[in-house]
Every structure is written in C-alpha cells, then in structure tokens.
Amino acid sequence: MNIEIERKFLINKIPENCKKSIHIKQYYMHIDDNFVQRLRFFNNEKAIISLKQNCAGLSRYEFEYEIPLSDAKKIVSISNSNFTEKIRHIIYFDSIKWEIDEFLGDNKGLLIAEVELESEGQHITLPDWIDSEVTNQNKYFNYNLALKPYISW
C-alpha cells in the first residue's frame, strides 16, 4: 500500500542551498470527505494523476500514476477545476529530504516546507528556517488553497 507520512511547516525564507527546483501546477478534479483527486504537471513535461486520502493526522493513503502529457492537457481543457501553482525547491537537511513549496498566483507569499517520514514517531531535527508546524491545519492543504487562496485570508 502507498502510505504517505508527512509533516508540514510554515517557513519565513527559502533556504539558499536548494538542490533542484520544479514548477508544479496541480488541478483538483474531485474533492470529498474521503479522497482528493488531482492532476499535476511537473515543468509542463510530465503529468501525474493521484488519489489522496482526505483525513487528519500524519499518515494517509496516496496513489499516483503517470499519464501521457497530452491526455492530462485534454482533461484540464474539458474540466472546470480549481488549481494551485508553485515552485517546489528540494533541499537536504540532516540527511533528510525537504520539499519547499513557494506558492504563486493567488497564494503568492506562502512558503510551506514538507518532509516525508518513514514512521509517525520518526525524530527529525528542524532547520532554523522553520517557523511553525501546520500539519493538521486544513487551510494549508493544497486543495483548500485552490478553493480559498492565501490572499483571501
């Protein structure tokens, strides 16, 4: 099974030692109490459709599948889906991979760091650029940012 264990944090700056940056645009095809279905474009070169469990806590099911880019573009063209857009910066701190999302558009100014864990009890050392944890604050979930953007808060 594909279980994602993740923590999220607000940050106040993008660290300088990023290893890679990726432009991501993600469309929300379906949202309900159990699952979120999204279609993501990476640098407009690759498309992944995913189904992610909608629940509180650190652990949730996530299923992801690459689909042809032309199919993904067609799906978006015939849908009326909300979306978020961001630059994802990859950084390693204390041998752990962090993904820093620098949001664009109506979410500009919002910076969120995510770290995937191997277990819910895994200890991590927080970098000095971490501001506060927002793991279980629903307003910071990407699909909620697509529905109610940061600039409207």
# chains A, B, ... in the order shown; residues from 1 in each chain; ligands from 1

call {"tool": "residues_around", "arguments": {"residues": "stretch 139-144 of chain A", "least_positions_apart": "5", "cutoff": "8 Å", "atoms": "only C-alpha atoms", "output": "list in words"}}
result
Tyr28, Ile31, Val36, Phe83, Thr84, Val134 and Pro149 of chain A

call {"tool": "select_by_dssp", "arguments": {"residues": "stretch 25-109 of chain A", "states": "helix (DSSP H, G or I)", "output": "list in words"}}
result
Leu69, Ser70, Asp71, Ala72, Lys73, Lys74, Ile75, Val76, Ser77, Gly105, Asp106 and Asn107 of chain A

call {"tool": "write_last_selection", "arguments": {"atoms": "N, CA, C and O atoms", "output": "tab-separated table (two decimals), in the first residue's frame"}}
result
chain	number	residue	atom	x	y	z
A	69	LEU	N	1.16	13.20	-21.21
A	69	LEU	CA	1.00	14.65	-21.07
A	69	LEU	C	-0.16	15.15	-21.92
A	69	LEU	O	-0.95	15.99	-21.47
A	70	SER	N	-0.31	14.62	-23.12
A	70	SER	CA	-1.41	15.07	-23.99
A	70	SER	C	-2.77	14.72	-23.39
A	70	SER	O	-3.72	15.51	-23.50
A	71	ASP	N	-2.88	13.57	-22.73
A	71	ASP	CA	-4.14	13.21	-22.06
A	71	ASP	C	-4.42	14.17	-20.92
A	71	ASP	O	-5.55	14.63	-20.74
A	72	ALA	N	-3.40	14.47	-20.14
A	72	ALA	CA	-3.57	15.38	-18.99
A	72	ALA	C	-4.02	16.75	-19.46
A	72	ALA	O	-4.92	17.36	-18.87
A	73	LYS	N	-3.42	17.25	-20.52
A	73	LYS	CA	-3.80	18.56	-21.05
A	73	LYS	C	-5.24	18.55	-21.55
A	73	LYS	O	-5.98	19.53	-21.36
A	74	LYS	N	-5.66	17.46	-22.16
A	74	LYS	CA	-7.05	17.36	-22.64
A	74	LYS	C	-8.01	17.33	-21.46
A	74	LYS	O	-9.05	18.00	-21.47
A	75	ILE	N	-7.70	16.58	-20.42
A	75	ILE	CA	-8.55	16.51	-19.24
A	75	ILE	C	-8.74	17.91	-18.65
A	75	ILE	O	-9.87	18.32	-18.34
A	76	VAL	N	-7.67	18.66	-18.52
A	76	VAL	CA	-7.75	20.02	-17.97
A	76	VAL	C	-8.58	20.92	-18.89
A	76	VAL	O	-9.38	21.73	-18.42
A	77	SER	N	-8.41	20.77	-20.20
A	77	SER	CA	-9.12	21.65	-21.14
A	77	SER	C	-10.63	21.44	-21.12
A	77	SER	O	-11.38	22.35	-21.46
A	105	GLY	N	0.69	32.89	-7.89
A	105	GLY	CA	-0.69	33.33	-8.15
A	105	GLY	C	-1.36	33.86	-6.90
A	105	GLY	O	-0.76	34.63	-6.14
A	106	ASP	N	-2.59	33.42	-6.65
A	106	ASP	CA	-3.37	33.90	-5.51
A	106	ASP	C	-2.84	33.40	-4.16
A	106	ASP	O	-3.34	33.81	-3.12
A	107	ASN	N	-1.86	32.51	-4.18
A	107	ASN	CA	-1.24	32.02	-2.95
A	107	ASN	C	0.18	32.56	-2.78
A	107	ASN	O	0.93	32.09	-1.91

call {"tool": "select_by_dssp", "arguments": {"residues": "chain A", "states": "strand (DSSP E or B)", "output": "PyMOL selection string"}}
result
chain A and resi 3-11+20-31+35-42+46-53+59-67+82-93+96-103+111-116+130-133

call {"tool": "atom_distance", "arguments": {"atom1": "atom CA of A:Phe41", "atom2": "atom CA of A:Ser132"}}
result
28.4 Å

call {"tool": "closest_residue", "arguments": {"among": "A:Asn82, A:Ser119, A:Glu4, A:Pro15", "to": "A:Trp98", "atoms": "only C-alpha atoms"}}
result
A:Pro15

call {"tool": "residues_around", "arguments": {"residues": "A:Pro68", "least_positions_apart": "5", "cutoff": "10 Å", "atoms": "only C-alpha atoms", "output": "VMD selection string"}}
result
chain A and resid 45 to 48 73

call {"tool": "write_last_selection", "arguments": {"atoms": "C-alpha atoms", "output": "mmCIF file, in the first residue's frame"}}
result
data_model
loop_
_atom_site.group_PDB
_atom_site.id
_atom_site.type_symbol
_atom_site.label_atom_id
_atom_site.label_comp_id
_atom_site.auth_asym_id
_atom_site.auth_seq_id
_atom_site.Cartn_x
_atom_site.Cartn_y
_atom_site.Cartn_z
ATOM 1 C CA GLU A 45 6.835 17.899 -19.162
ATOM 2 C CA LYS A 46 5.267 15.168 -17.028
ATOM 3 C CA ALA A 47 1.749 14.566 -15.675
ATOM 4 C CA ILE A 48 0.686 12.517 -12.680
ATOM 5 C CA LYS A 73 -3.804 18.565 -21.050
#

call {"tool": "atom_distance", "arguments": {"atom1": "atom CA of A:Leu104", "atom2": "atom CA of A:Glu116"}}
result
22.6 Å

call {"tool": "closest_residue", "arguments": {"among": "A:Leu147, A:Arg60, A:Ile112, A:Tyr65", "to": "A:Glu133", "atoms": "only C-alpha atoms"}}
result
A:Ile112

call {"tool": "closest_residue", "arguments": {"among": "A:Asn44, A:Ser152, A:Ser21, A:Asn2", "to": "A:Ile100", "atoms": "only C-alpha atoms"}}
result
A:Ser21

call {"tool": "residues_around", "arguments": {"residues": "A:Ser95", "least_positions_apart": "4", "cutoff": "12 Å", "atoms": "only C-alpha atoms", "output": "ChimeraX atom specification"}}
result
/A:91,115,124-127

call {"tool": "write_last_selection", "arguments": {"atoms": "N, CA and C atoms", "output": "mmCIF file, in the first residue's frame"}}
result
data_model
loop_
_atom_site.group_PDB
_atom_site.id
_atom_site.type_symbol
_atom_site.label_atom_id
_atom_site.label_comp_id
_atom_site.auth_asym_id
_atom_site.auth_seq_id
_atom_site.Cartn_x
_atom_site.Cartn_y
_atom_site.Cartn_z
ATOM 1 N N ILE A 91 15.607 20.373 -0.911
ATOM 2 C CA ILE A 91 16.773 20.646 -0.069
ATOM 3 C C ILE A 91 16.968 19.453 0.866
ATOM 4 N N VAL A 115 8.037 17.432 4.832
ATOM 5 C CA VAL A 115 9.015 16.366 4.978
ATOM 6 C C VAL A 115 8.241 15.050 5.100
ATOM 7 N N ILE A 124 12.961 14.138 13.868
ATOM 8 C CA ILE A 124 13.675 14.968 12.902
ATOM 9 C C ILE A 124 14.173 16.220 13.615
ATOM 10 N N THR A 125 15.297 16.701 13.154
ATOM 11 C CA THR A 125 15.813 17.974 13.636
ATOM 12 C C THR A 125 15.276 19.054 12.716
ATOM 13 N N LEU A 126 14.639 20.060 13.305
ATOM 14 C CA LEU A 126 14.059 21.123 12.492
ATOM 15 C C LEU A 126 15.119 22.159 12.136
ATOM 16 N N PRO A 127 15.194 22.522 10.849
ATOM 17 C CA PRO A 127 16.130 23.568 10.427
ATOM 18 C C PRO A 127 15.735 24.928 11.025
#

call {"tool": "atom_distance", "arguments": {"atom1": "atom CA of A:Asp32", "atom2": "atom CA of A:Asp101"}}
result
23.9 Å

call {"tool": "closest_residue", "arguments": {"among": "A:Met29, A:Ile22, A:Ala146, A:Leu117", "to": "A:Ile96", "atoms": "only C-alpha atoms"}}
result
A:Leu117
